[in-house]
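Undergrad: You'll find protein-v9.txt just under this line, and it carries compact mmCIF, C-alpha atoms.
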```txt
# COMPACT_ATOMS: atom_id res chain seq x y z
CA ALA A 1 -8.18 7.56 -5.77
CA GLY A 2 -11.34 7.90 -7.84
CA ALA A 3 -10.79 11.61 -8.52
CA ALA A 4 -10.72 11.07 -12.29
CA MET A 5 -14.03 9.21 -12.12
CA VAL A 6 -15.68 12.01 -10.13
CA GLY A 7 -14.24 14.51 -12.59
CA ARG A 8 -15.81 12.65 -15.49
CA SER A 9 -19.15 12.70 -13.71
CA LEU A 10 -18.91 16.44 -13.14
CA ASN A 11 -17.95 17.04 -16.77
CA ASP A 12 -20.86 14.91 -17.92
CA SER A 13 -23.22 16.92 -15.73
CA THR A 14 -22.01 20.16 -17.32
CA GLU A 15 -22.35 18.75 -20.82
CA ALA A 16 -25.89 17.66 -19.98
CA GLY A 17 -26.81 21.27 -19.22
CA LEU A 18 -26.93 20.78 -15.46
CA GLN A 19 -25.71 23.47 -13.14
CA GLY A 20 -23.20 21.73 -10.90
CA LEU A 21 -24.86 18.84 -9.06
CA GLY A 22 -28.38 19.47 -10.32
CA GLU A 23 -31.62 17.61 -9.70
CA ASN A 24 -30.92 15.07 -12.47
CA PHE A 25 -27.47 14.27 -11.23
CA GLU A 26 -28.66 10.85 -10.02
CA LYS A 27 -28.56 9.76 -13.67
CA ILE A 28 -24.85 10.52 -13.76
CA LEU A 29 -24.24 8.62 -10.52
CA ASN A 30 -25.73 5.37 -11.77
CA VAL A 31 -22.59 4.44 -13.72
CA GLY A 32 -19.63 2.53 -12.34
CA ARG A 33 -16.73 0.55 -13.78
CA VAL A 34 -14.98 -2.61 -12.65
CA VAL A 35 -11.31 -2.16 -11.82
CA HIS A 36 -8.62 -4.44 -10.45
CA ALA A 37 -6.47 -2.93 -7.74
CA PHE A 38 -4.51 -3.39 -4.54
CA PHE A 39 -6.59 -2.22 -1.59
CA GLY A 40 -4.93 -1.20 1.65
CA PHE A 41 -6.53 -0.36 4.98
CA CYS A 42 -4.57 1.44 7.68
CA ASP A 43 -5.67 1.94 11.28
CA ILE A 44 -4.17 3.91 14.16
CA CYS A 45 -4.06 1.44 17.04
CA TYR A 46 -5.58 2.29 20.45
CA PHE A 47 -7.20 5.36 18.92
CA THR A 48 -10.24 5.32 21.24
CA ASP A 49 -8.03 5.51 24.34
CA LEU A 50 -5.87 8.15 22.71
CA THR A 51 -8.90 10.30 21.87
CA GLU A 52 -10.26 10.07 25.40
CA ILE A 53 -6.93 11.30 26.77
CA LEU A 54 -5.95 13.93 24.20
CA GLN A 55 -9.44 15.17 23.31
CA ALA A 56 -9.10 17.87 20.61
CA ASP A 57 -5.31 17.47 20.51
CA VAL A 58 -5.74 14.03 18.94
CA VAL A 59 -6.28 15.83 15.63
CA ARG A 60 -2.58 16.70 15.59
CA ILE A 61 -1.63 13.03 15.66
CA VAL A 62 -4.25 12.01 13.08
CA ASN A 63 -3.17 14.64 10.59
CA THR A 64 0.52 13.93 11.11
CA VAL A 65 -0.13 10.25 10.43
CA ALA A 66 -2.29 11.17 7.43
CA ARG A 67 0.48 13.28 5.91
CA VAL A 68 2.95 10.41 6.28
CA ILE A 69 0.60 7.82 4.80
CA HIS A 70 -0.70 9.95 1.94
CA ARG A 71 2.78 10.98 0.83
CA SER A 72 4.15 7.45 1.10
CA VAL A 73 1.29 6.04 -0.96
CA LYS A 74 1.45 8.80 -3.59
CA ASP A 75 5.22 8.37 -3.98
CA ASN A 76 4.66 4.66 -4.63
CA TYR A 77 2.10 4.71 -7.47
CA GLY A 78 -0.96 4.71 -5.21
CA ALA A 79 -3.62 7.16 -4.08
CA PRO A 80 -5.47 7.78 -0.80
CA ASN A 81 -9.21 7.26 -1.18
CA LYS A 82 -10.93 7.80 2.17
CA ASN A 83 -10.05 9.16 5.58
CA MET A 84 -12.42 7.71 8.20
CA GLY A 85 -11.26 9.08 11.52
CA ASP A 86 -8.46 6.74 12.52
CA THR A 87 -8.73 4.60 9.37
CA PHE A 88 -7.52 5.18 5.82
CA LEU A 89 -8.44 3.39 2.57
CA LEU A 90 -5.63 3.34 0.02
CA VAL A 91 -5.66 2.16 -3.60
CA TRP A 92 -3.01 1.12 -6.12
CA MET A 93 -3.99 0.39 -9.74
CA CYS A 94 -1.76 -0.83 -12.54
CA ARG A 95 -1.45 1.56 -15.44
CA ALA A 96 0.52 1.96 -18.66
CA GLY A 97 4.19 1.29 -18.13
CA LEU A 98 3.75 -0.23 -14.66
CA GLY A 99 3.61 -4.00 -14.36
CA VAL A 100 1.63 -5.71 -11.65
CA ARG A 101 4.77 -6.81 -9.75
CA THR A 102 6.07 -3.23 -9.72
CA VAL A 103 2.81 -1.93 -8.25
CA ALA A 104 2.54 -4.87 -5.82
CA ASP A 105 6.04 -4.23 -4.44
CA ALA A 106 5.31 -0.50 -4.27
CA SER A 107 2.17 -1.04 -2.20
CA LEU A 108 4.13 -2.98 0.43
CA ARG A 109 6.93 -0.42 0.29
CA SER A 110 4.34 2.28 1.09
CA PHE A 111 3.36 0.45 4.27
CA ILE A 112 6.92 -0.16 5.42
CA ARG A 113 7.91 3.46 4.82
CA ALA A 114 4.83 4.75 6.69
CA VAL A 115 5.57 2.53 9.72
CA LEU A 116 9.16 3.77 9.88
CA GLU A 117 8.35 7.45 9.33
CA VAL A 118 5.67 7.42 12.01
CA ALA A 119 8.17 5.81 14.41
CA ARG A 120 10.69 8.56 13.60
CA SER A 121 8.25 11.49 13.75
CA LYS A 122 9.27 14.00 16.44
CA GLU A 123 5.76 15.46 16.56
CA ILE A 124 4.17 12.05 17.15
CA ARG A 125 6.79 11.10 19.76
CA LYS A 126 6.17 14.38 21.56
CA MET A 127 2.41 13.77 21.73
CA SER A 128 2.84 10.10 22.69
CA SER A 129 5.21 10.89 25.55
CA ARG A 130 2.84 13.32 27.28
CA SER A 131 2.44 12.46 30.94
CA ASP A 132 -1.35 11.98 30.68
CA VAL A 133 -0.86 9.47 27.85
CA GLN A 134 1.91 7.55 29.61
CA THR A 135 0.04 7.49 32.92
CA ARG A 136 -2.91 5.72 31.32
CA MET A 137 -0.91 3.63 28.83
CA PRO A 138 2.65 3.15 30.12
CA GLY A 139 5.15 2.71 27.30
CA PHE A 140 2.62 3.79 24.68
CA ARG A 141 3.79 4.68 21.19
CA VAL A 142 1.71 5.29 18.11
CA GLN A 143 1.41 2.10 16.08
CA LEU A 144 -0.27 1.42 12.76
CA GLY A 145 -1.96 -1.72 11.44
CA PHE A 146 -2.13 -2.41 7.69
CA GLY A 147 -4.11 -4.93 5.62
CA LEU A 148 -3.34 -5.48 1.93
CA HIS A 149 -5.42 -7.41 -0.62
CA TYR A 150 -5.73 -7.51 -4.42
CA GLY A 151 -8.95 -7.98 -6.35
CA TRP A 152 -11.75 -6.40 -8.34
CA ALA A 153 -14.04 -3.61 -7.23
CA VAL A 154 -16.66 -1.32 -8.69
CA GLU A 155 -15.25 2.20 -8.88
CA CYS A 156 -18.13 4.62 -8.66
CA ALA A 157 -19.47 7.91 -7.36
CA ILE A 158 -21.68 7.51 -4.30
CA GLY A 159 -23.92 10.24 -2.99
CA SER A 160 -26.51 12.77 -4.07
CA ASN A 161 -26.75 16.31 -5.35
CA LEU A 162 -25.74 17.40 -1.83
CA LYS A 163 -22.55 15.33 -1.45
CA ILE A 164 -20.55 12.96 -3.60
CA ASP A 165 -17.65 10.62 -2.83
CA ALA A 166 -15.46 8.38 -4.95
CA SER A 167 -15.87 4.84 -3.66
CA TYR A 168 -14.90 1.22 -4.29
CA LEU A 169 -17.56 -1.43 -3.75
CA SER A 170 -16.42 -5.03 -3.43
CA PRO A 171 -15.93 -7.88 -0.97
CA ASN A 172 -12.22 -7.48 -1.77
CA VAL A 173 -12.21 -4.05 -0.13
CA ASN A 174 -13.88 -5.61 2.91
CA LEU A 175 -11.19 -8.30 3.01
CA ALA A 176 -8.46 -5.66 3.19
CA SER A 177 -10.31 -4.14 6.14
CA ARG A 178 -10.56 -7.51 7.89
CA LEU A 179 -6.87 -8.18 7.35
CA GLN A 180 -6.09 -4.85 8.98
CA ALA A 181 -8.32 -5.72 11.95
CA ALA A 182 -6.57 -9.09 12.30
CA THR A 183 -3.14 -7.48 12.75
CA LYS A 184 -4.07 -7.07 16.42
CA GLN A 185 -4.60 -10.83 16.83
CA TYR A 186 -1.21 -11.65 15.37
CA GLY A 187 0.68 -8.75 16.96
CA VAL A 188 2.02 -7.53 13.62
CA GLU A 189 1.91 -4.24 11.75
CA ILE A 190 1.17 -5.68 8.31
CA LEU A 191 -1.00 -8.56 7.09
CA ILE A 192 -1.01 -9.55 3.43
CA SER A 193 -3.35 -11.98 1.67
CA GLY A 194 -1.81 -14.96 -0.12
CA GLN A 195 -3.26 -13.72 -3.42
CA THR A 196 -1.40 -10.45 -3.02
CA HIS A 197 1.80 -12.15 -1.86
CA SER A 198 1.87 -14.19 -5.08
CA LEU A 199 2.03 -10.94 -7.09
CA PHE A 200 5.17 -9.62 -5.37
CA SER A 201 8.53 -10.01 -7.07
CA PRO A 202 10.32 -13.24 -6.00
CA ASN A 203 12.79 -11.38 -3.76
CA VAL A 204 10.02 -9.57 -1.90
CA GLN A 205 8.00 -12.78 -1.58
CA ALA A 206 10.99 -14.40 0.13
CA MET A 207 11.19 -11.56 2.66
CA CYS A 208 7.60 -12.09 3.83
CA ARG A 209 6.58 -14.68 6.43
CA LEU A 210 3.62 -17.07 6.28
CA VAL A 211 1.81 -16.74 9.63
CA ASP A 212 -1.45 -18.68 9.17
CA ARG A 213 -4.06 -20.11 6.82
CA VAL A 214 -7.61 -19.01 7.57
CA THR A 215 -11.09 -18.34 6.34
CA LEU A 216 -12.30 -14.81 6.98
CA LYS A 217 -15.86 -13.62 7.43
CA GLY A 218 -17.49 -13.53 4.02
CA THR A 219 -15.07 -16.05 2.45
CA VAL A 220 -15.38 -19.75 1.70
CA HIS A 221 -11.90 -20.72 0.55
CA PRO A 222 -8.94 -20.63 2.95
CA MET A 223 -6.46 -17.81 2.54
CA ASP A 224 -2.77 -17.76 3.43
CA LEU A 225 -1.75 -14.82 5.61
CA TYR A 226 1.71 -13.25 5.36
CA THR A 227 3.48 -10.50 7.24
CA TYR A 228 6.58 -8.41 6.68
CA ASP A 229 8.57 -7.96 9.88
CA VAL A 230 9.48 -4.27 9.69
CA PRO A 231 13.00 -3.76 11.11
CA ALA A 232 14.02 -1.08 13.56
CA THR A 233 16.03 1.64 11.86
CA THR A 234 17.46 3.25 14.99
CA VAL A 235 19.62 1.85 17.79
CA ASP A 236 19.69 3.84 21.04
CA GLY A 237 18.19 6.77 19.15
CA ILE A 238 20.87 6.68 16.44
CA SER A 239 19.77 6.05 12.84
CA VAL A 240 21.36 2.98 11.27
CA ILE A 241 19.66 3.38 7.88
CA ASP A 242 19.85 6.53 5.76
CA ASP A 243 16.58 8.51 5.81
CA HIS A 244 17.00 9.04 2.07
CA ILE A 245 16.76 5.30 1.43
CA ILE A 246 13.54 5.07 3.44
CA SER A 247 11.71 8.17 2.27
CA SER A 248 12.99 9.24 -1.14
CA PRO A 249 10.82 8.17 -4.09
CA ASP A 250 14.05 8.12 -6.11
CA THR A 251 15.41 5.16 -4.13
CA PRO A 252 15.23 2.07 -6.39
CA CYS A 253 12.87 -0.56 -5.04
CA SER A 254 15.67 -3.14 -5.02
CA LEU A 255 17.84 -0.89 -2.80
CA PHE A 256 14.91 -0.13 -0.50
CA PHE A 257 14.19 -3.78 0.23
CA SER A 258 17.82 -4.88 0.39
CA SER A 259 18.42 -2.15 2.99
CA LEU A 260 15.37 -3.10 5.05
CA GLN A 261 15.75 -6.81 5.60
CA PRO A 262 13.12 -8.40 7.90
CA ALA A 263 13.66 -7.80 11.60
CA LEU A 264 13.95 -11.49 12.52
CA SER A 265 17.07 -13.55 12.04
CA ASP A 266 17.28 -16.20 9.33
CA ARG A 267 17.44 -18.89 12.03
CA PHE A 268 14.27 -17.61 13.71
CA ARG A 269 12.45 -17.49 10.37
CA GLN A 270 13.55 -21.03 9.51
CA GLN A 271 12.36 -22.37 12.87
CA PHE A 272 9.03 -20.55 12.55
CA SER A 273 8.59 -21.91 9.01
CA SER A 274 9.17 -25.43 10.33
CA ALA A 275 6.59 -24.88 13.06
CA MET A 276 4.09 -23.69 10.45
CA GLU A 277 4.64 -26.80 8.34
CA HIS A 278 3.90 -29.02 11.35
CA TYR A 279 0.92 -26.88 12.35
CA LEU A 280 -0.75 -26.72 8.92
CA GLY A 281 0.06 -30.30 7.94
CA GLY A 282 -0.08 -29.87 4.18
CA HIS A 283 -2.94 -28.65 2.01
CA ASP A 284 -5.52 -30.82 3.80
CA GLY A 285 -4.00 -30.95 7.30
CA SER A 286 -3.42 -34.71 7.15
CA HIS A 287 0.29 -34.41 8.02
CA ALA A 288 -0.12 -32.06 10.96
CA ASN A 289 2.10 -32.63 13.98
CA TRP A 290 0.84 -30.18 16.57
CA GLN A 291 3.04 -31.56 19.33
CA ARG A 292 6.15 -30.71 17.33
CA ALA A 293 4.73 -27.34 16.21
CA SER A 294 3.92 -26.42 19.80
CA ALA A 295 7.41 -27.36 21.00
CA ILE A 296 9.09 -25.16 18.37
CA LEU A 297 6.74 -22.25 19.01
CA SER A 298 7.27 -22.50 22.76
CA SER A 299 11.01 -22.30 22.20
CA LEU A 300 10.58 -19.23 19.99
CA CYS A 301 8.30 -17.55 22.52
CA ASN A 302 10.82 -18.11 25.30
CA GLN A 303 13.70 -16.48 23.46
CA SER A 304 14.98 -13.17 24.76
CA GLY A 305 14.03 -9.97 23.01
CA PRO A 306 10.65 -8.72 21.80
CA ARG A 307 7.89 -11.34 21.88
CA ASP A 308 6.86 -12.61 18.46
CA GLY A 309 3.13 -12.09 17.95
CA PRO A 310 2.49 -14.82 15.35
CA SER A 311 4.35 -17.42 17.43
CA GLN A 312 2.22 -16.57 20.45
CA ALA A 313 -1.01 -16.51 18.42
CA ILE A 314 -0.51 -19.95 16.84
CA ARG A 315 0.76 -21.53 20.07
CA SER A 316 -2.28 -20.17 21.90
CA TYR A 317 -4.63 -21.56 19.25
CA ILE A 318 -2.98 -25.00 19.43
CA LYS A 319 -3.35 -25.04 23.23
CA ARG A 320 -7.07 -24.26 22.96
CA ARG A 321 -7.90 -26.70 20.16
CA ALA A 322 -5.52 -29.63 20.55
CA ARG A 323 -6.66 -33.03 21.85
CA PRO A 324 -5.52 -34.12 25.33
CA ASP A 325 -2.38 -35.69 23.86
CA GLY A 326 -1.52 -32.42 22.08
CA SER A 327 -2.35 -33.66 18.58
CA ALA A 328 -4.53 -31.86 16.05
CA PRO A 329 -8.30 -32.44 16.31
CA PRO A 330 -9.75 -35.02 13.91
CA ASN A 331 -11.56 -32.36 11.88
CA TRP A 332 -8.41 -30.33 11.22
CA LYS A 333 -8.23 -29.49 7.50
CA GLY A 334 -5.07 -27.40 7.41
CA TYR A 335 -6.75 -24.07 8.12
CA ARG A 336 -9.01 -22.40 10.67
CA ALA A 337 -11.76 -19.82 10.76
CA LEU A 338 -10.40 -16.57 12.08
CA GLU A 339 -12.15 -16.12 15.39
CA ASN A 340 -12.68 -12.36 15.17
CA LYS A 341 -13.67 -10.71 11.89
```
Could you show the structure in this file as structure tokens?

TA:
Amino acid sequence: AGAAMVGRSLNDSTEAGLQGLGENFEKILNVGRVVHAFFGFCDICYFTDLTEILQADVVRIVNTVARVIHRSVKDNYGAPNKNMGDTFLLVWMCRAGLGVRTVADASLRSFIRAVLEVARSKEIRKMSSRSDVQTRMPGFRVQLGFGLHYGWAVECAIGSNLKIDASYLSPNVNLASRLQAATKQYGVEILISGQTHSLFSPNVQAMCRLVDRVTLKGTVHPMDLYTYDVPATTVDGISVIDDHIISSPDTPCSLFFSSLQPALSDRFRQQFSSAMEHYLGGHDGSHANWQRASAILSSLCNQSGPRDGPSQAIRSYIKRRARPDGSAPPNWKGYRALENK
């Protein structure tokens, strides 16, 4: 992402009679343009621990993950922009012949595909199952966290005559990064801003789950947070969904999403949605019923099977903030400030 912009800058420098990135190249750098795009941040979870254990071998995991993410994004109308160690910035822009809903759905599809391909990667499984990794982190597997947000940014070339990078400058890019960081708090792989969720096609919107309403650092207005519960595609090591459907760019988007229904049952999703209604209490929080929300969430948390991160996160918040009788505090406005980032 941004390669065309850098190319224009280089062409302009040649036309100006400069030799490559000459001493007057700063004049070329001082031009940017405002674009509207979907910004995605991806992070390899527990990377610090992994690096301490694997040392130089960690590069094999990083580059395997990078190949998966870059190909998934490219196949779905996007482009990788930056690789920052264990973090990747990804960009999707609408262009001629591609409507905003098509690109919005494709950005989420990129994330889902990357999660599933990393889980299926033999190379990554081999590295993750090493005895030194499992001794320090029993049961460890490589997991990714994704944040997705739509908004404006200044596309520009940043640097000097010694080094130049394509970059996107905007609080919206920062929000995507903060959403990615918040995946750890909610125990999910993907967090999507409400603004982005509203741009998905109706069918894809219905497959996502509202998990909170918050203000993030650097924001004033509350933002709805959604996740997509990525399903498992293998049972006892046997694939239950055709690899072609997951990975082929020729798979129609409608077939991709219909084949990869959210991991949670309809009943679970309905109960969680009810809990969220009681927790949020409408647009201003005036109808909140935290006692009822807590009871539903406790029931969901006690069900057998994998623990649901959002249910645990909201139940924990209610326990910390509720009044002695379990009701919402008097200053509850239907949203909260996210405690970290």

Undergrad: Choose the residue, out of A:Pro202, A:Gly147, A:Pro329, A:Gly285, that has the smallest atom-to-atom separation from Glu189 (chain A); count all atoms listed in the file.

TA: A:Gly147

Undergrad: CA of Thr183 (chain A) and CA of Arg141 (chain A), how far apart in Å?

TA: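 Separation of CA of Arg141 (chain A) and CA of Thr183 (chain A): 16.3 Å.
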
Undergrad: Go through A:Val103, A:Ile61, A:Leu116, A:Tyr168 and flag the residue nearest Ile246 (chain A), using all atoms listed in the file for the distances.

TA: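 Under the stated criterion, the closest residue is A:Leu116.
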
Undergrad: Just to confirm, what's the straight-line distance from CA of Glu117 (chain A) to CA of Phe39 (chain A) in Å (one decimal)?

TA: 20.9 Å

Undergrad: With distances taken over all atoms listed in the file, which of A:Asn331, A:Thr215, A:Gln205, A:Gln55 is nearest to Asp284 (chain A)?

TA: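 Nearest candidate to Asp284 (chain A) out of A:Asn331, A:Thr215, A:Gln205, A:Gln55: A:Asn331.
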
Undergrad: Can you tell me how far CA of Gln270 (chain A) sits from CA of Leu179 (chain A), in Å to one decimal?

TA: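 We find that CA of Gln270 (chain A) and CA of Leu179 (chain A) lie 24.2 Å from each other.
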
Undergrad: So which residues touch Asp43 (chain A) within 6 Å, counting only C-alpha atoms, skipping near sequence neighbours fewer than 4 positions away, as a CSV table (one decimal) with C-alpha atoms, keeping the file's coordinate frame?

TA:
```
chain,number,residue,atom,x,y,z
A,86,ASP,CA,-8.5,6.7,12.5
A,87,THR,CA,-8.7,4.6,9.4
A,144,LEU,CA,-0.3,1.4,12.8
A,145,GLY,CA,-2.0,-1.7,11.4
```

Undergrad: Considering all atoms listed in the file, state which residue in the set A:Ser273, A:Ser107, A:Asn76, A:Gln303 is at the smallest distance from Asp250 (chain A).

TA: A:Asn76

Undergrad: Name the residues, using the chain letters and numbers of the file, that sit within 10 Å of (1.6, -37.9, 14.9) when counting all atoms listed in the file, and give them as a PyMOL selection string.

TA: chain A and resi 278+286-292+326-328

Undergrad: Ranking A:Thr64, A:Ser274, A:Thr251, A:Asn172 by minimum distance to Leu148 (chain A) and counting all atoms listed in the file, which one comes first?

TA: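 Of all the options, A:Asn172 lies closest to Leu148 (chain A).
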
Undergrad: Give me the residues near Leu199 (chain A) as a PDB file with C-alpha atoms, keeping the file's coordinate frame, where near means some atom within 10 Å (using all atoms listed in the file) and where sequence neighbours in that chain fewer than 4 positions away do not count.

TA:
```
ATOM      1  CA  VAL A 100       1.630  -5.710 -11.650  1.00  0.00           C
ATOM      2  CA  ARG A 101       4.770  -6.810  -9.750  1.00  0.00           C
ATOM      3  CA  THR A 102       6.070  -3.230  -9.720  1.00  0.00           C
ATOM      4  CA  VAL A 103       2.810  -1.930  -8.250  1.00  0.00           C
ATOM      5  CA  ALA A 104       2.540  -4.870  -5.820  1.00  0.00           C
ATOM      6  CA  ASP A 105       6.040  -4.230  -4.440  1.00  0.00           C
ATOM      7  CA  TYR A 150      -5.730  -7.510  -4.420  1.00  0.00           C
ATOM      8  CA  GLY A 194      -1.810 -14.960  -0.120  1.00  0.00           C
ATOM      9  CA  GLN A 195      -3.260 -13.720  -3.420  1.00  0.00           C
ATOM     10  CA  VAL A 204      10.020  -9.570  -1.900  1.00  0.00           C
ATOM     11  CA  GLN A 205       8.000 -12.780  -1.580  1.00  0.00           C
TER      12      GLN A 205
END
```

Undergrad: Can you work out which one of A:Val59, A:Cys253, A:Ala114, A:Met84 has the shortest atom-to-atom distance to Met127 (chain A), counting all atoms listed in the file?

TA: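 Looking at the shortest contact to Met127 (chain A), the residue is A:Val59.
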
Undergrad: Ala275 (chain A): which residues within 7 Å, counting all atoms listed in the file, same-chain residues fewer than 3 positions away excluded, as a count of residues only?

TA: 7

Undergrad: Around all listed atoms of region 49-53 of chain A, padded 8 Å per side, what centre and edge lengths does the axis-aligned box have in Å to one decimal, as JSON?

TA:
```
{"center_x": -8.1, "center_y": 8.4, "center_z": 24.3, "size_x": 20.4, "size_y": 21.8, "size_z": 20.9}
```
